[in-house]
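Chemist: Okay, so here is entry16.txt, and as you'll see once you scroll down, it has compact mmCIF, C-alpha atoms and all ligand atoms.
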```txt
# COMPACT_ATOMS: atom_id res chain seq x y z
CA MET A 1315 -61.05 -26.38 -42.43
CA TRP A 1316 -64.32 -28.05 -41.45
CA CYS A 1317 -64.46 -29.81 -38.04
CA SER A 1318 -67.27 -31.82 -36.53
CA ARG A 1319 -68.81 -30.58 -33.30
CA ALA A 1320 -67.55 -33.69 -31.61
CA ALA A 1321 -63.97 -32.94 -32.66
CA VAL A 1322 -64.20 -29.34 -31.38
CA ARG A 1323 -65.56 -30.62 -28.06
CA GLN A 1324 -62.72 -33.14 -27.83
CA VAL A 1325 -60.10 -30.38 -28.33
CA ALA A 1326 -61.80 -28.14 -25.75
CA LEU A 1327 -61.88 -30.96 -23.22
CA GLY A 1328 -58.23 -31.70 -23.93
CA LEU A 1329 -57.29 -28.06 -23.38
CA ARG A 1330 -59.22 -27.88 -20.13
CA GLY A 1331 -57.48 -31.07 -18.99
CA THR A 1332 -54.09 -29.57 -19.76
CA GLN A 1333 -55.01 -26.38 -17.89
CA ARG A 1334 -56.13 -28.42 -14.89
CA ALA A 1335 -52.89 -30.46 -14.98
CA MET A 1336 -50.86 -27.22 -15.23
CA ALA A 1337 -52.70 -25.73 -12.27
CA THR A 1338 -51.61 -28.64 -10.08
CA LEU A 1339 -47.91 -28.31 -10.97
CA PRO A 1340 -45.61 -26.83 -8.28
CA ARG A 1341 -45.45 -23.04 -8.52
CA VAL A 1342 -42.06 -21.40 -8.68
CA TYR A 1343 -41.08 -17.76 -8.60
CA VAL A 1344 -37.94 -16.72 -10.48
CA SER A 1345 -36.88 -13.39 -9.06
CA ARG A 1346 -34.71 -12.20 -11.97
CA LYS A 1347 -34.36 -12.66 -15.72
CA VAL A 1348 -31.66 -15.32 -15.38
CA PRO A 1349 -29.59 -16.34 -18.44
CA PRO A 1350 -31.46 -18.42 -21.05
CA GLN A 1351 -30.01 -21.87 -20.25
CA GLY A 1352 -31.65 -21.91 -16.82
CA LEU A 1353 -35.00 -20.57 -18.02
CA ASP A 1354 -35.08 -23.15 -20.85
CA ILE A 1355 -34.48 -25.97 -18.40
CA LEU A 1356 -37.37 -24.82 -16.22
CA ARG A 1357 -39.72 -24.23 -19.15
CA LYS A 1358 -38.94 -27.50 -20.91
CA SER A 1359 -39.17 -29.58 -17.75
CA GLY A 1360 -42.98 -29.48 -17.81
CA GLN A 1361 -42.55 -29.91 -14.07
CA VAL A 1362 -43.38 -26.43 -12.77
CA GLN A 1363 -45.55 -23.36 -13.32
CA ILE A 1364 -43.17 -20.42 -13.60
CA GLU A 1365 -43.70 -16.83 -12.70
CA LEU A 1366 -40.75 -14.64 -13.67
CA TRP A 1367 -39.64 -11.15 -12.64
CA ASP A 1368 -38.69 -10.44 -16.24
CA SER A 1369 -36.10 -7.76 -15.62
CA ASP A 1370 -32.36 -7.27 -15.22
CA ASP A 1371 -33.03 -5.16 -12.14
CA PRO A 1372 -33.93 -6.57 -8.74
CA VAL A 1373 -37.57 -7.20 -7.95
CA PRO A 1374 -38.83 -4.61 -5.40
CA ARG A 1375 -39.06 -6.17 -1.96
CA GLN A 1376 -42.83 -5.64 -1.61
CA GLU A 1377 -43.44 -7.28 -4.98
CA LEU A 1378 -41.24 -10.23 -4.01
CA LEU A 1379 -43.10 -10.67 -0.71
CA LYS A 1380 -46.38 -10.69 -2.62
CA LYS A 1381 -45.25 -13.03 -5.38
CA VAL A 1382 -43.69 -15.74 -3.23
CA LYS A 1383 -46.96 -16.30 -1.38
CA GLY A 1384 -47.96 -19.94 -1.80
CA CYS A 1385 -44.96 -20.84 -3.98
CA ASP A 1386 -43.32 -24.26 -3.78
CA GLY A 1387 -39.97 -23.07 -5.05
CA LEU A 1388 -37.96 -19.88 -5.37
CA LEU A 1389 -35.05 -19.25 -7.71
CA CYS A 1390 -33.24 -16.11 -6.59
CA VAL A 1391 -29.98 -14.23 -6.99
CA LEU A 1392 -27.69 -12.65 -4.42
CA THR A 1393 -29.53 -9.33 -4.18
CA GLU A 1394 -32.59 -10.93 -2.57
CA LYS A 1395 -32.57 -11.27 1.21
CA ILE A 1396 -34.11 -14.60 2.06
CA ASP A 1397 -34.98 -14.06 5.70
CA ALA A 1398 -37.78 -14.84 8.17
CA GLU A 1399 -40.00 -12.10 6.73
CA LEU A 1400 -39.76 -13.54 3.24
CA LEU A 1401 -40.20 -17.13 4.37
CA ASP A 1402 -43.27 -16.15 6.40
CA ALA A 1403 -44.67 -14.36 3.36
CA ALA A 1404 -44.08 -17.46 1.22
CA GLY A 1405 -45.86 -19.71 3.67
CA PRO A 1406 -45.69 -23.44 4.31
CA ASN A 1407 -45.69 -24.57 0.65
CA LEU A 1408 -42.12 -23.39 0.11
CA LYS A 1409 -39.87 -26.43 -0.12
CA VAL A 1410 -36.85 -25.26 -2.09
CA VAL A 1411 -34.79 -22.08 -2.42
CA SER A 1412 -32.24 -22.17 -5.21
CA THR A 1413 -29.79 -19.31 -5.42
CA MET A 1414 -27.84 -18.55 -8.58
CA SER A 1415 -24.67 -17.85 -6.61
CA VAL A 1416 -21.92 -19.62 -4.77
CA GLY A 1417 -22.17 -17.10 -1.92
CA PHE A 1418 -25.05 -17.59 0.48
CA ASP A 1419 -24.69 -14.73 2.94
CA HIS A 1420 -28.02 -13.35 1.65
CA LEU A 1421 -29.81 -16.45 2.97
CA SER A 1422 -30.83 -16.84 6.63
CA LEU A 1423 -29.70 -20.42 6.95
CA ASP A 1424 -31.14 -20.86 10.45
CA GLU A 1425 -34.59 -19.81 9.27
CA LEU A 1426 -34.41 -22.10 6.25
CA LYS A 1427 -33.28 -25.02 8.39
CA LYS A 1428 -36.01 -24.42 10.96
CA ARG A 1429 -38.61 -24.64 8.19
CA GLU A 1430 -36.92 -27.67 6.57
CA ILE A 1431 -36.52 -25.78 3.30
CA ARG A 1432 -33.82 -27.23 1.05
CA VAL A 1433 -31.23 -24.89 -0.45
CA GLY A 1434 -29.39 -25.15 -3.76
CA TYR A 1435 -26.39 -23.00 -4.76
CA THR A 1436 -23.87 -22.85 -7.60
CA PRO A 1437 -20.29 -23.72 -6.60
CA GLU A 1438 -17.62 -24.99 -9.02
CA VAL A 1439 -19.19 -23.74 -12.26
CA LEU A 1440 -17.83 -20.25 -11.57
CA THR A 1441 -14.39 -21.18 -10.23
CA ASP A 1442 -12.52 -20.55 -13.51
CA ALA A 1443 -14.22 -17.23 -14.23
CA VAL A 1444 -13.67 -15.91 -10.70
CA ALA A 1445 -10.03 -17.02 -10.60
CA GLU A 1446 -9.40 -15.45 -14.00
CA LEU A 1447 -10.94 -12.12 -12.96
CA THR A 1448 -9.01 -12.14 -9.68
CA VAL A 1449 -5.73 -12.46 -11.58
CA ALA A 1450 -6.81 -9.68 -13.96
CA LEU A 1451 -7.70 -7.41 -11.03
CA LEU A 1452 -4.46 -8.22 -9.24
CA LEU A 1453 -2.41 -7.30 -12.30
CA ALA A 1454 -4.49 -4.20 -13.03
CA THR A 1455 -3.89 -3.03 -9.46
CA SER A 1456 -0.25 -3.96 -9.04
CA ARG A 1457 0.82 -2.69 -12.48
CA ARG A 1458 -1.46 0.37 -12.23
CA LEU A 1459 -3.26 -0.28 -15.51
CA ILE A 1460 -6.28 1.93 -14.85
CA GLU A 1461 -4.11 4.92 -13.89
CA ALA A 1462 -1.91 4.24 -16.92
CA THR A 1463 -4.73 4.22 -19.49
CA HIS A 1464 -6.14 7.36 -17.88
CA GLU A 1465 -2.76 9.10 -18.21
CA ALA A 1466 -2.39 7.97 -21.82
CA LYS A 1467 -5.85 9.27 -22.74
CA THR A 1468 -5.69 12.56 -20.89
CA GLY A 1469 -2.29 13.93 -21.88
CA GLY A 1470 -0.31 12.77 -18.84
CA TRP A 1471 1.95 10.72 -21.12
CA GLY A 1472 4.78 13.18 -21.57
CA THR A 1473 7.82 11.09 -22.25
CA TRP A 1474 9.28 7.80 -21.08
CA ARG A 1475 10.33 8.31 -17.46
CA THR A 1476 12.36 5.99 -15.29
CA LEU A 1477 10.02 5.50 -12.33
CA TRP A 1478 6.74 6.76 -13.73
CA LEU A 1479 3.81 4.40 -13.11
CA CYS A 1480 6.04 1.74 -11.61
CA GLY A 1481 4.27 -1.02 -9.75
CA TYR A 1482 4.99 -4.39 -8.20
CA GLU A 1483 5.67 -7.67 -9.98
CA LEU A 1484 4.65 -11.21 -9.18
CA ALA A 1485 8.03 -12.79 -9.94
CA ASN A 1486 9.73 -13.85 -6.68
CA SER A 1487 6.78 -12.69 -4.62
CA THR A 1488 4.84 -14.31 -1.79
CA VAL A 1489 1.14 -14.64 -2.46
CA GLY A 1490 -1.19 -15.06 0.51
CA ILE A 1491 -4.67 -16.52 0.24
CA PHE A 1492 -7.18 -15.79 2.94
CA GLY A 1493 -9.72 -18.66 2.84
CA LEU A 1494 -8.40 -21.58 0.81
CA GLY A 1495 -11.13 -23.27 -1.22
CA ARG A 1496 -11.53 -24.19 -4.87
CA ILE A 1497 -11.28 -20.55 -5.94
CA GLY A 1498 -8.11 -19.88 -3.95
CA VAL A 1499 -6.46 -22.94 -5.48
CA ALA A 1500 -7.55 -21.90 -8.98
CA ILE A 1501 -6.08 -18.41 -8.44
CA ALA A 1502 -2.77 -19.88 -7.26
CA GLU A 1503 -2.62 -22.26 -10.23
CA ARG A 1504 -3.00 -19.30 -12.58
CA LEU A 1505 -0.42 -17.19 -10.72
CA LYS A 1506 2.24 -19.90 -10.54
CA PRO A 1507 3.50 -19.38 -14.12
CA PHE A 1508 4.25 -15.76 -13.16
CA LYS A 1509 7.13 -17.23 -11.08
CA VAL A 1510 5.60 -16.65 -7.67
CA LYS A 1511 8.15 -17.77 -5.05
CA LYS A 1512 5.78 -18.99 -2.37
CA PHE A 1513 2.09 -19.46 -1.64
CA ILE A 1514 0.82 -19.18 1.92
CA TYR A 1515 -2.73 -19.34 3.24
CA THR A 1516 -4.84 -19.12 6.32
CA ASP A 1517 -8.21 -20.57 7.13
CA VAL A 1518 -10.11 -21.83 10.19
CA ALA A 1519 -7.96 -24.98 9.95
CA PRO A 1520 -5.25 -26.31 7.61
CA ARG A 1521 -6.60 -27.76 4.36
CA PRO A 1522 -3.76 -30.08 3.30
CA GLU A 1523 -5.73 -31.80 0.53
CA LEU A 1524 -6.21 -28.45 -1.26
CA ALA A 1525 -2.90 -26.86 -0.24
CA GLU A 1526 -0.88 -29.75 -1.63
CA ALA A 1527 -1.91 -28.98 -5.21
CA ILE A 1528 -0.31 -25.53 -5.00
CA GLN A 1529 2.32 -26.32 -2.34
CA ALA A 1530 0.89 -23.66 -0.07
CA GLU A 1531 1.99 -23.33 3.53
CA PHE A 1532 -0.57 -22.86 6.30
CA VAL A 1533 0.21 -19.78 8.43
CA SER A 1534 -1.56 -17.65 11.03
CA MET A 1535 -3.55 -14.59 9.98
CA ASP A 1536 -0.75 -12.37 11.36
CA GLU A 1537 1.90 -14.19 9.34
CA LEU A 1538 -0.28 -13.97 6.26
CA ALA A 1539 -0.44 -10.20 6.66
CA ARG A 1540 3.27 -9.89 7.40
CA GLN A 1541 4.61 -12.09 4.61
CA SER A 1542 2.22 -11.51 1.68
CA ASP A 1543 3.28 -9.27 -1.18
CA PHE A 1544 -0.15 -9.94 -2.64
CA LEU A 1545 -3.01 -10.87 -0.33
CA ALA A 1546 -6.11 -12.33 -2.00
CA VAL A 1547 -9.30 -12.67 0.03
CA CYS A 1548 -11.31 -15.72 -1.03
CA CYS A 1549 -13.29 -16.57 2.10
CA ALA A 1550 -17.05 -16.71 2.55
CA LEU A 1551 -18.76 -13.89 4.44
CA THR A 1552 -19.83 -15.28 7.83
CA PRO A 1553 -20.25 -13.72 11.28
CA THR A 1554 -16.59 -14.71 11.91
CA THR A 1555 -15.19 -13.09 8.76
CA GLN A 1556 -17.37 -9.94 8.88
CA GLY A 1557 -14.99 -6.95 8.93
CA ILE A 1558 -11.96 -9.19 9.56
CA CYS A 1559 -9.80 -7.25 7.10
CA ASN A 1560 -9.41 -4.19 9.29
CA LYS A 1561 -6.74 -1.83 10.64
CA ASN A 1562 -5.08 -4.64 12.63
CA LEU A 1563 -4.52 -6.62 9.45
CA PHE A 1564 -3.49 -3.65 7.29
CA ALA A 1565 -1.06 -2.44 10.00
CA LYS A 1566 0.86 -5.72 9.72
CA MET A 1567 1.08 -5.65 5.92
CA LYS A 1568 4.11 -4.33 4.05
CA ASN A 1569 3.81 -0.88 2.50
CA THR A 1570 4.59 -2.51 -0.85
CA SER A 1571 1.72 -5.03 -0.60
CA ILE A 1572 -1.38 -5.31 -2.73
CA PHE A 1573 -4.73 -6.31 -1.22
CA ILE A 1574 -7.32 -8.03 -3.46
CA ASN A 1575 -10.90 -8.91 -2.59
CA THR A 1576 -13.22 -10.89 -4.88
CA SER A 1577 -15.28 -12.55 -2.12
CA ARG A 1578 -17.72 -10.24 -0.34
CA GLY A 1579 -17.43 -6.57 0.61
CA GLY A 1580 -18.49 -7.35 4.17
CA VAL A 1581 -15.17 -9.00 5.05
CA VAL A 1582 -13.45 -5.61 4.75
CA ASN A 1583 -13.69 -2.61 7.04
CA GLN A 1584 -13.71 -0.01 4.27
CA GLU A 1585 -12.85 2.94 6.53
CA ASP A 1586 -9.74 1.12 7.69
CA LEU A 1587 -8.90 0.19 4.10
CA TYR A 1588 -9.26 3.82 3.03
CA ALA A 1589 -6.91 4.89 5.84
CA ALA A 1590 -4.36 2.20 4.92
CA LEU A 1591 -4.41 3.15 1.23
CA SER A 1592 -4.37 6.91 1.68
CA SER A 1593 -1.57 6.84 4.25
CA GLY A 1594 0.59 4.51 2.16
CA GLN A 1595 0.40 1.76 4.78
CA ILE A 1596 -0.29 -0.63 1.88
CA ALA A 1597 0.48 -0.04 -1.80
CA GLY A 1598 -2.86 -0.76 -3.43
CA ALA A 1599 -6.17 -2.55 -3.36
CA GLY A 1600 -8.30 -4.20 -6.03
CA LEU A 1601 -11.92 -4.76 -5.05
CA ASP A 1602 -14.60 -6.56 -7.03
CA VAL A 1603 -16.98 -6.39 -4.08
CA THR A 1604 -17.87 -3.57 -1.71
CA THR A 1605 -20.37 -2.50 0.93
CA PRO A 1606 -22.87 -1.42 -0.22
CA GLU A 1607 -23.25 -2.50 -3.83
CA PRO A 1608 -23.30 -0.42 -5.89
CA LEU A 1609 -20.74 1.67 -4.01
CA PRO A 1610 -21.95 5.31 -4.17
CA THR A 1611 -19.94 7.24 -6.75
CA ASN A 1612 -18.98 9.81 -4.10
CA HIS A 1613 -17.43 7.15 -1.84
CA PRO A 1614 -13.91 8.16 -0.67
CA LEU A 1615 -12.40 4.92 -2.05
CA PHE A 1616 -13.20 6.17 -5.56
CA THR A 1617 -10.92 9.17 -4.99
CA LEU A 1618 -7.82 7.00 -4.56
CA LYS A 1619 -5.55 6.23 -7.49
CA ASN A 1620 -4.26 3.12 -5.76
CA CYS A 1621 -7.69 1.53 -5.43
CA VAL A 1622 -9.23 -0.30 -8.40
CA ILE A 1623 -12.94 -0.96 -7.98
CA LEU A 1624 -14.99 -3.28 -10.18
CA PRO A 1625 -18.79 -3.71 -10.02
CA HIS A 1626 -18.94 -7.34 -8.77
CA ILE A 1627 -18.15 -9.00 -12.11
CA ALA A 1628 -15.92 -11.91 -11.09
CA SER A 1629 -18.25 -14.58 -12.48
CA ALA A 1630 -19.44 -12.45 -15.39
CA SER A 1631 -18.62 -14.52 -18.46
CA TYR A 1632 -21.41 -15.72 -20.74
CA THR A 1633 -20.38 -19.36 -20.24
CA THR A 1634 -20.29 -19.12 -16.48
CA ARG A 1635 -23.46 -17.13 -15.96
CA ASN A 1636 -25.35 -19.59 -18.20
CA ALA A 1637 -23.85 -22.53 -16.31
CA MET A 1638 -24.87 -20.92 -13.01
CA SER A 1639 -28.45 -20.44 -14.20
CA ALA A 1640 -28.62 -24.04 -15.50
CA LEU A 1641 -27.32 -25.40 -12.20
CA ALA A 1642 -29.75 -23.22 -10.22
CA ALA A 1643 -32.63 -24.50 -12.37
CA ASN A 1644 -31.56 -28.14 -11.99
CA ASN A 1645 -31.14 -27.70 -8.23
CA LEU A 1646 -34.66 -26.29 -8.01
CA LEU A 1647 -36.27 -29.05 -10.09
CA ALA A 1648 -34.43 -31.84 -8.25
CA GLY A 1649 -35.39 -30.36 -4.88
CA LEU A 1650 -39.04 -30.12 -5.88
CA ARG A 1651 -39.03 -33.77 -7.03
CA GLY A 1652 -37.53 -34.75 -3.69
CA ASP A 1653 -34.34 -35.95 -5.42
CA PRO A 1654 -30.75 -35.16 -4.41
CA MET A 1655 -29.82 -31.76 -5.82
CA PRO A 1656 -26.73 -31.47 -8.05
CA LYS A 1657 -25.38 -28.91 -5.52
CA GLU A 1658 -27.20 -28.69 -2.23
CA LEU A 1659 -26.10 -26.67 0.76
CA GLN A 1660 -26.01 -28.84 3.88
CA LEU A 1661 -27.89 -26.90 6.55
O1 LIG B 1701 -21.64 -15.58 -5.03
C1 LIG B 1701 -21.46 -15.54 -6.24
O2 LIG B 1701 -21.92 -16.39 -7.00
C2 LIG B 1701 -20.66 -14.42 -6.84
O3 LIG B 1701 -20.32 -13.45 -5.95
C3 LIG B 1701 -21.40 -13.81 -8.01
O4 LIG B 1701 -21.22 -14.60 -9.06
```
What would you get if you wrote out this structure as structure tokens?
Modeler:
Amino acid sequence: MWCSRAAVRQVALGLRGTQRAMATLPRVYVSRKVPPQGLDILRKSGQVQIELWDSDDPVPRQELLKKVKGCDGLLCVLTEKIDAELLDAAGPNLKVVSTMSVGFDHLSLDELKKREIRVGYTPEVLTDAVAELTVALLLATSRRLIEATHEAKTGGWGTWRTLWLCGYELANSTVGIFGLGRIGVAIAERLKPFKVKKFIYTDVAPRPELAEAIQAEFVSMDELARQSDFLAVCCALTPTTQGICNKNLFAKMKNTSIFINTSRGGVVNQEDLYAALSSGQIAGAGLDVTTPEPLPTNHPLFTLKNCVILPHIASASYTTRNAMSALAANNLLAGLRGDPMPKELQL
């Protein structure tokens, strides 16, 4: 096709203009290949220049420190520590950190607050997926499903035996929730049809508006340990909850009780848990989270038949992970525009 010189010049000028406009857009670093919904939102917004760590594996720390330099926004996941070192490396342009997670124990909130950096996170969109997985883990642990499939596959299935692979049932049980929030309520709602007799919970203070929906009774931590047939940990990891599930708690639990953790590994003292499980002080544990992650394959907890360990998959459904990435992207864009974020953490 023939074009006049004038037309070519016009196109070139237009392109240069677009490049100049692009160069003035806020720069954001996305520290992981997040699910497509979130990336599409960022790309189609025309509001930001994106640099992406295009991998399923975490960005190496040194690379992250280099890449955040001068950025206006950062979209991260829970494996990145957002601390003073990182914020110093980013420098004064950084206005928004958006994490694709409901948990925020990887963020130094004091440092973010000091620098007036706004923080987005992703509550609510993962409640259903996490509650569903918690119920699955509870049943897998209490009814010994992993042991049972192993036996079936490896020749342990001799004949039908009266007490072989017996576990504990939810009917007529007391379920305790440690840390009652949206996820705890959603777990209880799903467990109710299993004919649970009673829900109890503990938290820093009673939460009547949430407890009412599931008719849960507020009790002390000691009572929670003593009464629960199933104890589900749903609290955030904070300096107060760090290591709170320890030998004192396990010693008060019944030897028929099942302990479930889908919050953060840091709330559990794993040595104490190992001792409680191996001595029969409690009947079983189902963990979706551990310290560290991944838990080394030679960790003693992996040797126990009464401990079911999952690799932090509570929110891992396609729908939920896409919704989390979309919310993280929208939080980031809103924060950069100076608008209210859909879900902002109050610092
Ligand atoms: O904090 C979170 O979002 C979960 O642990 C991972 O989905």
Chemist: Each residue of chain A with at least one atom at most 8 Å from ligand LIG 1701 (chain B) should appear once, together with its nearest atom pair and the corresponding distance in Å (one decimal); atoms considered: only C-alpha atoms and all ligand atoms; ordering: chain, then increasing residue number; output as CSV.
Modeler:
```
residue,atom,partner,partner_atom,distance
A:Leu1392,CA,B:LIG1701,O1,6.7
A:Met1414,CA,B:LIG1701,O2,6.5
A:Ser1415,CA,B:LIG1701,O2,3.1
A:Val1416,CA,B:LIG1701,O2,3.9
A:Gly1417,CA,B:LIG1701,O1,3.5
A:Phe1418,CA,B:LIG1701,O1,6.8
A:Thr1436,CA,B:LIG1701,O2,6.8
A:Pro1437,CA,B:LIG1701,O2,7.5
A:Leu1440,CA,B:LIG1701,O4,7.1
A:Val1444,CA,B:LIG1701,O4,7.8
A:Thr1576,CA,B:LIG1701,O3,7.6
A:Ser1577,CA,B:LIG1701,O3,6.4
A:Arg1578,CA,B:LIG1701,O3,7.0
A:His1626,CA,B:LIG1701,O3,6.9
A:Ile1627,CA,B:LIG1701,O4,7.1
A:Ala1628,CA,B:LIG1701,O4,6.3
A:Ser1629,CA,B:LIG1701,O4,4.5
A:Ala1630,CA,B:LIG1701,O4,6.9
A:Arg1635,CA,B:LIG1701,O4,7.7
```
Chemist: From the set A:Thr1413, A:Val1342, A:Gly1384, A:Val1547, which residue has the shortest atom-to-atom contact distance to Arg1357 of chain A, counting only C-alpha atoms?
Modeler: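 Using only C-alpha atoms, Arg1357 of chain A sits closest to A:Val1342.
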Chemist: What is the distance, in Å and to one decimal place, between atom CA of Asn1644 of chain A and atom CA of Lys1657 of chain A?
Modeler: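 We find that atom CA of Asn1644 of chain A and atom CA of Lys1657 of chain A lie 9.0 Å from each other.
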Chemist: Measuring between only C-alpha atoms, which one of A:Gly1594, A:Gly1387, A:Pro1372, A:Gly1493 shows the shortest distance to Ala1565 of chain A?
Modeler: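 Distance minimum relative to Ala1565 of chain A lands on A:Gly1594.
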Chemist: In Å to one decimal, how far is atom CA of Val1581 of chain A from atom CA of Val1411 of chain A?
Modeler: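 Distance between the two atoms: 24.7 Å.
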Chemist: Find the residue from A:Leu1408, A:Val1348, A:Leu1356, A:Ala1485 that sits nearest to Cys1390 of chain A; use all atoms listed in the file when measuring.
Modeler: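 The answer is A:Val1348, which sits nearest to Cys1390 of chain A.
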Chemist: Tell me which protein, DNA and RNA residues are within 12 Å of Ala1450 of chain A, counting only C-alpha atoms, leaving out same-chain ones fewer than 5 positions away, and put them as number ranges by chain.
Modeler: A: 1443-1445, 1455-1460, 1501, 1504-1505, 1574, 1576, 1600-1602, 1622, 1624, 1627-1628
Chemist: Closest to Ile1558 of chain A among A:Leu1379, A:Met1535, A:Val1489, A:Leu1423, using all atoms listed in the file?
Modeler: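 Closest to Ile1558 of chain A of all the choices is A:Met1535.
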Chemist: Using all atoms listed in the file, which of the listed residues (A:Asn1486, A:Thr1555, A:Gln1595, A:Thr1338) sits closest to Lys1568 of chain A?
Modeler: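 Of A:Asn1486, A:Thr1555, A:Gln1595, A:Thr1338, the one nearest Lys1568 of chain A, counting all atoms listed in the file, is A:Gln1595.
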Chemist: Grab the atom CA of Val1410 of chain A to atom CA of Gly1434 of chain A distance for me, in Å with one decimal place.
Modeler: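 Result for atom CA of Val1410 of chain A versus atom CA of Gly1434 of chain A: 7.6 Å, one decimal.
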Chemist: Skipping near chain neighbours, those fewer than 6 positions away, what residues fall within 10 Å of Asn1407 of chain A using only C-alpha atoms, listed as a list in words?
Modeler: Pro1340, Arg1341, Val1382, Lys1383, Gly1384, Cys1385, Asp1386, Gly1387, Leu1401 and Ile1431 of chain A
Chemist: Hey, what's within 9 Å of Glu1503 of chain A if we count only C-alpha atoms and toss same-chain stuff fewer than 5 positions away? As a JSON list (two decimals) with C-alpha atoms, in the frame of the given file, please?
Modeler:
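Output contents, as saved in around.json:
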```json
[["chain", "number", "residue", "atom", "x", "y", "z"],
["A", 1498, "GLY", "CA", -8.11, -19.88, -3.95],
["A", 1527, "ALA", "CA", -1.91, -28.98, -5.21],
["A", 1528, "ILE", "CA", -0.31, -25.53, -5.00]]
```
Chemist: Compile the contact shell of segment 1538-1542 of chain A as a compact mmCIF listing (two decimals) with C-alpha atoms, keeping the file's coordinate frame: residues with an atom at most 8 Å away, counting all atoms listed in the file, same-chain residues fewer than 4 positions apart removed.
Modeler:
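Written out: result-v4.txt:
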```txt
# COMPACT_ATOMS: atom_id res chain seq x y z
CA SER A 1487 6.78 -12.69 -4.62
CA THR A 1488 4.84 -14.31 -1.79
CA VAL A 1489 1.14 -14.64 -2.46
CA GLY A 1490 -1.19 -15.06 0.51
CA ILE A 1491 -4.67 -16.52 0.24
CA PHE A 1492 -7.18 -15.79 2.94
CA ILE A 1514 0.82 -19.18 1.92
CA TYR A 1515 -2.73 -19.34 3.24
CA THR A 1516 -4.84 -19.12 6.32
CA VAL A 1533 0.21 -19.78 8.43
CA SER A 1534 -1.56 -17.65 11.03
CA LEU A 1563 -4.52 -6.62 9.45
CA PHE A 1564 -3.49 -3.65 7.29
CA LYS A 1566 0.86 -5.72 9.72
CA MET A 1567 1.08 -5.65 5.92
CA LYS A 1568 4.11 -4.33 4.05
CA SER A 1571 1.72 -5.03 -0.60
```
Chemist: Do you know which residues are at most 12 Å from Gly1481 of chain A counting all atoms listed in the file, after dropping those on the same chain fewer than 2 positions away, and could you put them as a PyMOL selection string?
Modeler: chain A and resi 1452-1459+1461-1462+1477-1479+1483-1484+1543+1570-1572+1597-1598+1620
Chemist: Residues proximal to (-8.5, 10.2, -1.1) were defined as those with any atom within 12 Å of that point in the file's coordinates, counting only C-alpha atoms. Which are they, as an MDAnalysis selection string?
Modeler: chainID A and resid 1585 1587:1594 1612:1621
Chemist: Counting all atoms listed in the file, which residue out of A:Gly1649, A:Thr1448, A:Ala1637, A:Ala1599 sits closest to Gly1352 of chain A?
Modeler: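 For Gly1352 of chain A, the nearest of the candidates is A:Ala1637.
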